[in-house]
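S.K.: This is work_6.cif (mmCIF, C-alpha atoms).
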data_target
#
loop_
_atom_site.label_atom_id
_atom_site.label_comp_id
_atom_site.auth_asym_id
_atom_site.auth_seq_id
_atom_site.Cartn_x
_atom_site.Cartn_y
_atom_site.Cartn_z
CA MET A 1 -32.94 -90.49 -42.99
CA ILE A 2 -36.43 -91.66 -43.99
CA GLU A 3 -36.42 -94.13 -41.07
CA LEU A 4 -35.65 -91.29 -38.64
CA LEU A 5 -38.57 -89.31 -40.05
CA ARG A 6 -40.86 -92.31 -39.78
CA GLN A 7 -39.89 -92.89 -36.14
CA ARG A 8 -39.66 -89.31 -34.87
CA LYS A 9 -42.45 -87.91 -32.76
CA SER A 10 -42.69 -85.17 -30.18
CA ILE A 11 -41.78 -86.49 -26.73
CA ARG A 12 -43.16 -84.66 -23.70
CA LYS A 13 -42.46 -87.26 -20.97
CA TYR A 14 -38.92 -88.11 -19.95
CA THR A 15 -37.34 -90.66 -17.60
CA GLY A 16 -34.97 -88.19 -15.94
CA GLN A 17 -31.92 -90.23 -17.00
CA LYS A 18 -28.88 -88.06 -17.72
CA ILE A 19 -27.58 -87.93 -21.27
CA GLU A 20 -24.10 -89.36 -21.74
CA PRO A 21 -21.33 -86.78 -22.40
CA GLU A 22 -20.44 -88.37 -25.76
CA LYS A 23 -24.03 -87.91 -26.94
CA ILE A 24 -23.97 -84.27 -25.79
CA GLU A 25 -20.83 -83.77 -27.90
CA ILE A 26 -22.57 -85.23 -30.95
CA LEU A 27 -25.54 -82.90 -30.39
CA LYS A 28 -23.16 -79.93 -30.25
CA GLU A 29 -21.41 -81.00 -33.44
CA ALA A 30 -24.73 -81.43 -35.25
CA LEU A 31 -25.77 -77.88 -34.37
CA LEU A 32 -22.45 -76.44 -35.46
CA ARG A 33 -22.71 -78.28 -38.80
CA SER A 34 -26.21 -76.94 -39.42
CA PRO A 35 -26.36 -74.97 -42.69
CA SER A 36 -27.07 -71.25 -42.75
CA SER A 37 -27.87 -68.74 -45.47
CA TRP A 38 -24.74 -67.33 -47.09
CA ASP A 39 -22.80 -69.27 -44.41
CA ARG A 40 -23.29 -66.32 -42.04
CA GLU A 41 -23.89 -68.65 -39.08
CA PRO A 42 -26.16 -66.35 -37.04
CA CYS A 43 -27.27 -69.12 -34.67
CA GLU A 44 -26.22 -69.27 -31.04
CA PHE A 45 -27.04 -72.16 -28.70
CA ILE A 46 -27.33 -72.49 -24.94
CA PHE A 47 -27.28 -76.00 -23.48
CA VAL A 48 -29.13 -76.11 -20.16
CA ASP A 49 -28.94 -79.19 -17.95
CA ASP A 50 -29.36 -77.44 -14.60
CA LYS A 51 -32.68 -78.69 -13.15
CA GLU A 52 -33.51 -75.37 -11.48
CA LEU A 53 -33.00 -73.48 -14.76
CA LEU A 54 -35.02 -76.09 -16.68
CA GLU A 55 -37.87 -75.56 -14.19
CA LYS A 56 -37.76 -71.80 -14.75
CA LEU A 57 -37.53 -72.23 -18.53
CA SER A 58 -40.56 -74.53 -18.42
CA LEU A 59 -42.56 -71.42 -17.45
CA ALA A 60 -41.53 -69.52 -20.59
CA LYS A 61 -45.02 -69.87 -22.09
CA THR A 62 -48.49 -69.92 -20.61
CA HIS A 63 -48.86 -73.49 -21.92
CA GLY A 64 -46.87 -75.92 -24.04
CA SER A 65 -43.51 -75.74 -22.26
CA GLN A 66 -44.08 -77.24 -18.80
CA PHE A 67 -42.67 -80.66 -19.77
CA LEU A 68 -39.22 -79.06 -20.16
CA ALA A 69 -38.85 -79.30 -16.36
CA ASP A 70 -38.53 -83.10 -16.66
CA ALA A 71 -36.14 -83.16 -19.63
CA ALA A 72 -32.45 -83.94 -19.16
CA LEU A 73 -31.49 -81.10 -21.50
CA GLY A 74 -32.94 -77.97 -23.01
CA ILE A 75 -31.23 -76.39 -25.99
CA ILE A 76 -32.08 -72.74 -26.49
CA VAL A 77 -31.78 -71.90 -30.17
CA CYS A 78 -31.10 -68.22 -30.78
CA GLY A 79 -30.21 -66.03 -33.73
CA ASP A 80 -28.20 -62.86 -34.13
CA ASN A 81 -30.53 -60.60 -36.11
CA GLU A 82 -27.62 -58.23 -36.82
CA LYS A 83 -25.73 -60.98 -38.70
CA SER A 84 -28.58 -62.17 -40.88
CA ASP A 85 -32.09 -61.16 -41.91
CA VAL A 86 -33.01 -64.85 -42.22
CA TRP A 87 -31.93 -65.90 -38.73
CA VAL A 88 -35.42 -67.33 -38.14
CA GLU A 89 -35.03 -69.76 -41.02
CA ASP A 90 -31.47 -70.67 -40.00
CA CYS A 91 -32.57 -71.30 -36.40
CA SER A 92 -35.49 -73.39 -37.63
CA ILE A 93 -33.13 -75.55 -39.67
CA ALA A 94 -30.86 -76.00 -36.63
CA SER A 95 -33.86 -76.86 -34.46
CA ILE A 96 -35.01 -79.71 -36.67
CA ILE A 97 -31.46 -80.96 -37.23
CA ILE A 98 -30.98 -81.28 -33.48
CA GLN A 99 -34.27 -83.18 -33.18
CA LEU A 100 -33.29 -85.65 -35.89
CA THR A 101 -29.82 -86.05 -34.38
CA ALA A 102 -31.38 -86.73 -30.97
CA GLN A 103 -33.64 -89.35 -32.58
CA SER A 104 -30.61 -91.02 -34.18
CA LEU A 105 -28.99 -91.25 -30.72
CA GLY A 106 -32.03 -92.92 -29.13
CA LEU A 107 -33.21 -89.71 -27.46
CA GLY A 108 -36.62 -88.07 -27.55
CA SER A 109 -37.20 -84.39 -28.22
CA CYS A 110 -39.85 -81.73 -28.60
CA TRP A 111 -39.78 -78.26 -30.16
CA ILE A 112 -40.98 -75.46 -27.88
CA GLN A 113 -41.79 -72.38 -29.93
CA ILE A 114 -40.61 -69.20 -28.19
CA ARG A 115 -40.55 -66.52 -30.89
CA ASN A 116 -43.94 -64.78 -31.19
CA ARG A 117 -45.26 -66.43 -27.99
CA MET A 118 -46.17 -64.88 -24.64
CA HIS A 119 -44.90 -65.61 -21.15
CA ASN A 120 -47.73 -63.52 -19.68
CA GLU A 121 -49.84 -60.56 -20.78
CA ALA A 122 -46.95 -58.10 -20.55
CA VAL A 123 -43.80 -60.12 -21.32
CA THR A 124 -43.01 -62.19 -24.40
CA SER A 125 -41.55 -65.66 -24.06
CA GLY A 126 -38.41 -64.43 -25.79
CA GLU A 127 -37.96 -61.57 -23.33
CA TYR A 128 -38.48 -63.96 -20.41
CA VAL A 129 -35.80 -66.38 -21.69
CA GLN A 130 -33.43 -63.53 -22.58
CA GLN A 131 -33.65 -62.08 -19.07
CA LEU A 132 -33.39 -65.47 -17.35
CA LEU A 133 -30.30 -66.54 -19.32
CA GLN A 134 -28.72 -63.07 -19.69
CA ILE A 135 -28.98 -63.10 -23.49
CA PRO A 136 -28.14 -59.76 -25.19
CA GLU A 137 -31.05 -57.91 -26.77
CA PHE A 138 -29.81 -58.35 -30.36
CA ILE A 139 -29.80 -62.14 -29.92
CA LYS A 140 -33.36 -63.41 -30.43
CA VAL A 141 -34.74 -66.69 -29.12
CA GLU A 142 -36.42 -68.90 -31.72
CA SER A 143 -37.06 -72.12 -29.82
CA ILE A 144 -36.14 -74.41 -27.00
CA ILE A 145 -35.64 -78.07 -27.85
CA SER A 146 -36.28 -80.41 -24.95
CA ILE A 147 -34.19 -83.59 -25.07
CA GLY A 148 -34.06 -86.69 -22.94
CA TYR A 149 -34.76 -90.37 -22.73
CA ALA A 150 -38.41 -90.96 -23.57
CA GLU A 151 -40.72 -92.28 -20.91
CA GLU A 152 -43.29 -92.81 -23.64
CA HIS A 153 -42.67 -96.03 -25.53
CA GLU A 154 -45.75 -96.52 -27.64
CA GLU A 155 -45.29 -97.04 -31.34
CA ASN A 156 -45.42 -94.01 -33.55
CA GLU A 157 -48.74 -94.32 -35.36
CA LYS A 158 -48.41 -94.74 -39.07
CA LYS A 159 -49.31 -91.33 -40.40
CA GLU A 160 -51.58 -91.15 -43.40
CA LEU A 161 -49.57 -89.07 -45.83
CA GLN A 162 -51.44 -86.30 -47.60
CA TYR A 163 -50.15 -86.75 -51.12
CA ASN A 164 -52.71 -84.20 -52.32
CA LYS A 165 -50.37 -81.52 -50.89
CA ILE A 166 -47.78 -82.34 -53.57
CA ARG A 167 -48.21 -80.88 -57.02
CA ILE A 168 -46.12 -81.23 -60.15
CA ASN A 169 -44.95 -78.17 -62.11
CA THR A 170 -47.85 -75.87 -61.15
CA PHE A 171 -50.21 -75.50 -58.22
CA GLU A 172 -53.27 -76.57 -60.20
#
Give the structure from the file, written as structure tokens.

M.R.:
Amino acid sequence: MIELLRQRKSIRKYTGQKIEPEKIEILKEALLRSPSSWDREPCEFIFVDDKELLEKLSLAKTHGSQFLADAALGIIVCGDNEKSDVWVEDCSIASIIIQLTAQSLGLGSCWIQIRNRMHNEAVTSGEYVQQLLQIPEFIKVESIISIGYAEEHEENEKKELQYNKIRINTFE
């Protein structure tokens, strides 16, 4: 696991190569094995590989989502806010699990935040995605995870870890 964390970085440039069906199945399994509070499983997932839909989804935010158009796959991570009051946390866990699983399969990924973001001055990103993908109102969109084969191949820079952010027993 630590090697995955050391290697993982946000990928925003993709080759366009399709993802093999067996890798898609592993991604699905990883999401369905993602833990949830009280095992309520409020998360719902939409796998999008249709290029036209990916183009439209890439416009979900005013900036920071355009690269989705070039990804092989976008996974929309949603939560049923009627099933759980901590759907945001459960969806966040699922979002990072799918990124680490993608990394383990030799795929790149990037988290696109949707919740609390704007599509334009009048419509939220979540509303835009809900309307585009016909998602019921009680299902809320947390994120879109772009996935594909990375066009970027530079080494992940060794990050200087901020050990001063770790404290023992108390904050002081």

S.K.: What does the structure give for the distance between CA of Ile93 in chain A and CA of Ser10 in chain A, in Å to one decimal?

M.R.: 16.6 Å

S.K.: Exactly which residues make up the result of the PyMOL selection byres ((chain A and resi 108) around 9) on this file, given as a VMD selection string?

M.R.: chain A and resid 8 to 14 99 102 to 103 105 to 107 109 to 110 146 to 151

S.K.: Hey, which bits of range 81-136 of chain A sit within 12 Å of range 44-50 of chain A, and for each residue what's the closest pair of atoms and how far apart in Å (one decimal), counting only C-alpha atoms, rows by chain and increasing number, as a Markdown table?

M.R.:
| residue | atom | partner | partner_atom | distance |
| --- | --- | --- | --- | --- |
| A:Asn81 | CA | A:Glu44 | CA | 10.9 |
| A:Lys83 | CA | A:Glu44 | CA | 11.3 |
| A:Trp87 | CA | A:Glu44 | CA | 10.2 |
| A:Val88 | CA | A:Glu44 | CA | 11.8 |
| A:Asp90 | CA | A:Glu44 | CA | 10.5 |
| A:Cys91 | CA | A:Glu44 | CA | 8.6 |
| A:Ala94 | CA | A:Phe45 | CA | 9.6 |
| A:Ser95 | CA | A:Phe45 | CA | 10.1 |
| A:Ile98 | CA | A:Phe45 | CA | 11.0 |
| A:Val129 | CA | A:Ile46 | CA | 10.9 |
| A:Gln130 | CA | A:Ile46 | CA | 11.1 |
| A:Leu132 | CA | A:Val48 | CA | 11.8 |
| A:Leu133 | CA | A:Ile46 | CA | 8.7 |
| A:Gln134 | CA | A:Ile46 | CA | 10.9 |
| A:Ile135 | CA | A:Ile46 | CA | 9.6 |
| A:Pro136 | CA | A:Glu44 | CA | 11.3 |

S.K.: Looking at only C-alpha atoms, which of A:Ser92, A:Ser143, A:Ser65, A:Ser104 is the one that sits closest to Ile2 in chain A?

M.R.: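 The answer is A:Ser104, which sits nearest to Ile2 in chain A.
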
S.K.: When the PyMOL selection byres ((chain A and resi 127) around 12) is applied to the structure above, which residues does it catch, written out as an MDAnalysis selection string?

M.R.: chainID A and resid 57 60:61 114:120 122:126 128:142

S.K.: Can you work out the spacing between CA of Glu20 in chain A and CA of Ala72 in chain A in Å, to one decimal?

M.R.: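 Atom-to-atom, CA of Glu20 in chain A to CA of Ala72 in chain A, that is 10.3 Å.
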
S.K.: Here is a test: counting all atoms listed in the file, which residue of A:Tyr163, A:Trp111, A:Val86, A:Thr101 is nearest to Asp39 in chain A?

M.R.: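 The answer is A:Val86, which sits nearest to Asp39 in chain A.
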
S.K.: Between A:Ile145, A:Cys43, A:Ile168, A:Leu27, which residue has the minimum interatomic distance to Asp80 in chain A, considering only C-alpha atoms?

M.R.: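 Checking each of A:Ile145, A:Cys43, A:Ile168, A:Leu27 against Asp80 in chain A, counting only C-alpha atoms, the winner is A:Cys43.
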
S.K.: Box time for range 127-144 of chain A: axis-aligned, enclosing all its listed atoms, 6 Å extra on each side; report centre and edge lengths in Å to one decimal, as JSON.

M.R.:
{"center_x": -33.3, "center_y": -66.2, "center_z": -24.5, "size_x": 22.3, "size_y": 28.5, "size_z": 26.4}

S.K.: Nearest to Leu161 in chain A: which of A:Ile144, A:Leu100, A:Gln113, A:Arg6 is it, counting all atoms listed in the file?

M.R.: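 Nearest to Leu161 in chain A: A:Arg6.
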